[in-house]
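Here's the structure we're looking at; comments come further down.
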Amino acid sequence: MNESEILVKVENLSKKFCKDLKTSLWYGVKDLASGLSGNKNERELRPKEFWAVKDISFELRRGECLGLIGHNGAGKSTLLKILNGLINPDAGKVTIRGRVGALIELGAGFNPILSGRENIYNNGAILGFTKKEIDEKIDKIIDFAEIREFIDMPVQNYSSGMKVRLGFAVAAQMEPDVLIIDEVLAVGDVGFRMKCLTRIGELLKSTAVIFVSHSMPQVSRIANKILLMKNGSEVIGGLNVSDGIERYYQLFQNGDSIIGGNGLIEIKDFKILNDSLNCIDAENGFLILKHNYKYTFQLKLKVKEQVKKYFVNYSFIDKETKQVANFFSVFSDSVFSKTGEVIIEGEIENLILGQGTYSIGVAVNEIKECNSRGEIYLYNSNISIISITGIETGHAPVQFLGNWNIN
């Protein structure tokens, strides 16, 4: 692709903010004075300042969709506001070619006392379209938004979902050269979100898209590039989408544990052993396990004398915080009653979890007659994090094994 196809070019972009309002106003006066005197050099951070965006660079061509991901406060929205011209950077350069359509805040750009129809013309004009061009598109916009019955009602009476429908319909149907979308598709019904994602796919033939979302399934569906941010800085950029999303989950996997119980049992140690009973070493805080291998889960406990019969349960939580598997000792007719220092080992013959990262939680429960649960002796929601490797295809939580034939 040649240089003319680059619609968005960001070079070493940085933006800083101040945590204190009075100090921020004072710095603003000083910066204005120094700017007027011709001193526009980048400054070091002053007291109470921090970098919201620091040294971000990327290029985006027509037909490309950049998935901009990161946790809340990573700097994504600040970066988008700079790209949309709402705030100025402190350093770096942004070059955008063509018309820009942006959905960076719910209802942004709408005049609440005007009707939906009047706001369509206002937004279209902001995007640089003539009244004639908007006239040709307005029926498609109204039909896409699915709010024809309410199109002449003031926008202040719209629900949040209706505002999203109208805002996206204007941006998508006017077909800008660059489309910026920030998390607005988190609002609204599933059907409309799928409709929007399909429309973005259609626009990619002639548009460059910057898409911000905490929904990795949405990102994986439409993005073909990834920029992962943390604390205002780029963690990774340019990786293929699946690797970038996996790094997102690894980077922001919740390392905190919810710990509970009645104090009668406490964990002294936990290990995962392979077939030869060697402890699995952690890489970057993750235990690397192979798909369909045999592993032993070793739990060292201190059990007080008043504890009666108990069982152990491991839970496996995927990157979407869904529990996808359990490993109960009672399913193998294993119930324990020993007290003092005890070591309990549970062997999984074939760990068939799909490729990806998982948190492991553990619970020790009292067991009563008829195998009913009693008190919770111990609970730890995140005793370890594992990363499953060794499977070339398939990213569902469980991969079924079986015999295959062809005739």
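Each chain in the structure tokens gets a letter, A, B, ..., in the order shown, and its residues are numbered from 1; ligands are numbered from 1 in order too.
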
Practice problem: Tell me, as a PyMOL selection string, which residues lie within 8 Å of range 172-181 of chain A, counting only C-alpha atoms; anything in the same chain fewer than 2 positions away does not count. | Solution: chain A and resi 7-8+62+80+97-104+124+127+134+137+140-141+168-170+183-184+199-200+203+206-212

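The nearest approach to Phe50 in chain A among the residues A:Tyr377, A:Phe336, A:Phe270, A:Phe17, with only C-alpha atoms taken into account, belongs to A:Phe17.
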
Self-check item: Residues near Phe58 in chain A, cut-off 9 Å, only C-alpha atoms, skip fewer than 5 positions along chain, as an NGL selection string
Solution: :A and (8-12 or 227 or 237-238)

Store the residues picked out above in a file with C-alpha atoms, as an mmCIF file, in the first residue's frame.
data_model
loop_
_atom_site.group_PDB
_atom_site.id
_atom_site.type_symbol
_atom_site.label_atom_id
_atom_site.label_comp_id
_atom_site.auth_asym_id
_atom_site.auth_seq_id
_atom_site.Cartn_x
_atom_site.Cartn_y
_atom_site.Cartn_z
ATOM 1 C CA VAL A 8 -4.593 8.069 10.315
ATOM 2 C CA LYS A 9 -0.990 8.646 11.323
ATOM 3 C CA VAL A 10 -0.080 9.144 14.983
ATOM 4 C CA GLU A 11 3.504 10.027 15.864
ATOM 5 C CA ASN A 12 4.843 10.002 19.449
ATOM 6 C CA LEU A 227 -3.102 -1.576 20.198
ATOM 7 C CA GLY A 237 0.882 -2.879 18.903
ATOM 8 C CA GLY A 238 0.805 -4.654 15.576
#

Self-check item: Contacts of Glu146 in chain A within 12 Å, only C-alpha atoms, excl. fewer than 6 positions in-chain, as a PyMOL selection string
Solution: chain A and resi 116+139-140+161-169+191-192+195

Practice problem: Please measure the separation of CA of Ile288 in chain A and CA of Ser215 in chain A, giving the value in Å to one decimal. | Solution: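 So the two atoms, CA of Ile288 in chain A and CA of Ser215 in chain A, lie 25.3 Å apart.
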
Exercise. Compare A:Leu32, A:Lys15, A:Asn292, A:Phe150 by their minimum atom-to-atom distance to Ile87 in chain A, counting only C-alpha atoms, and give me the closest one.
Key: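 For Ile87 in chain A, the nearest of the given residues is A:Lys15.
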
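You can rank A:Lys309, A:Lys322, A:His291, A:Lys22 by their closest distance to Thr389 in chain A using only C-alpha atoms, and at the top of that list sits A:His291.
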
Quiz item: From the list A:Glu305, A:Glu266, A:Asp90, A:Glu349, which residue is nearest Ala52 in chain A when using only C-alpha atoms?
Solution: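 Among the listed residues, A:Asp90 lies closest to Ala52 in chain A.
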
Practice problem: Enumerate the residues of range 45-267 of chain A with a DSSP assignment of strand (DSSP E or B), computed from the backbone, and present them as number ranges by chain. | Solution: A: 49-61, 65-69, 91-96, 100-103, 115, 154, 178-182, 208-212, 225-230, 233-237, 259-260, 265-267

Quiz item: Could you pull out all residues of range 279-389 of chain A with a DSSP call of helix (DSSP H, G or I) and give them as a ChimeraX atom specification?
Solution: /A:330-332,369-371

Quiz item: What gap, in Å, lies between CA of Tyr121 in chain A and CA of Val155 in chain A?
Solution: 13.4 Å

Quiz item: Which of these, A:Leu351, A:Ile258, A:Leu79, A:Leu289, has the shortest distance to Ala325 in chain A once you count only C-alpha atoms?
Solution: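 Closest residue, counting only C-alpha atoms: A:Leu351.
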
Using only C-alpha atoms, which residues sit within 6 Å of Leu378 in chain A once same-chain residues fewer than 3 positions away are excluded, as an mmCIF file with C-alpha atoms, in the first residue's frame?
data_model
loop_
_atom_site.group_PDB
_atom_site.id
_atom_site.type_symbol
_atom_site.label_atom_id
_atom_site.label_comp_id
_atom_site.auth_asym_id
_atom_site.auth_seq_id
_atom_site.Cartn_x
_atom_site.Cartn_y
_atom_site.Cartn_z
ATOM 1 C CA GLY A 260 -13.205 -16.960 53.075
ATOM 2 C CA GLY A 261 -14.248 -19.800 55.317
ATOM 3 C CA ILE A 265 -8.880 -25.137 57.643
ATOM 4 C CA ALA A 363 -12.911 -24.690 48.199
ATOM 5 C CA VAL A 364 -12.989 -27.159 51.073
#

Quiz prompt | Between CA of Thr321 in chain A and CA of Asn365 in chain A, distance in Å (one decimal) | solution =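 So the two atoms, CA of Thr321 in chain A and CA of Asn365 in chain A, lie 22.3 Å apart.
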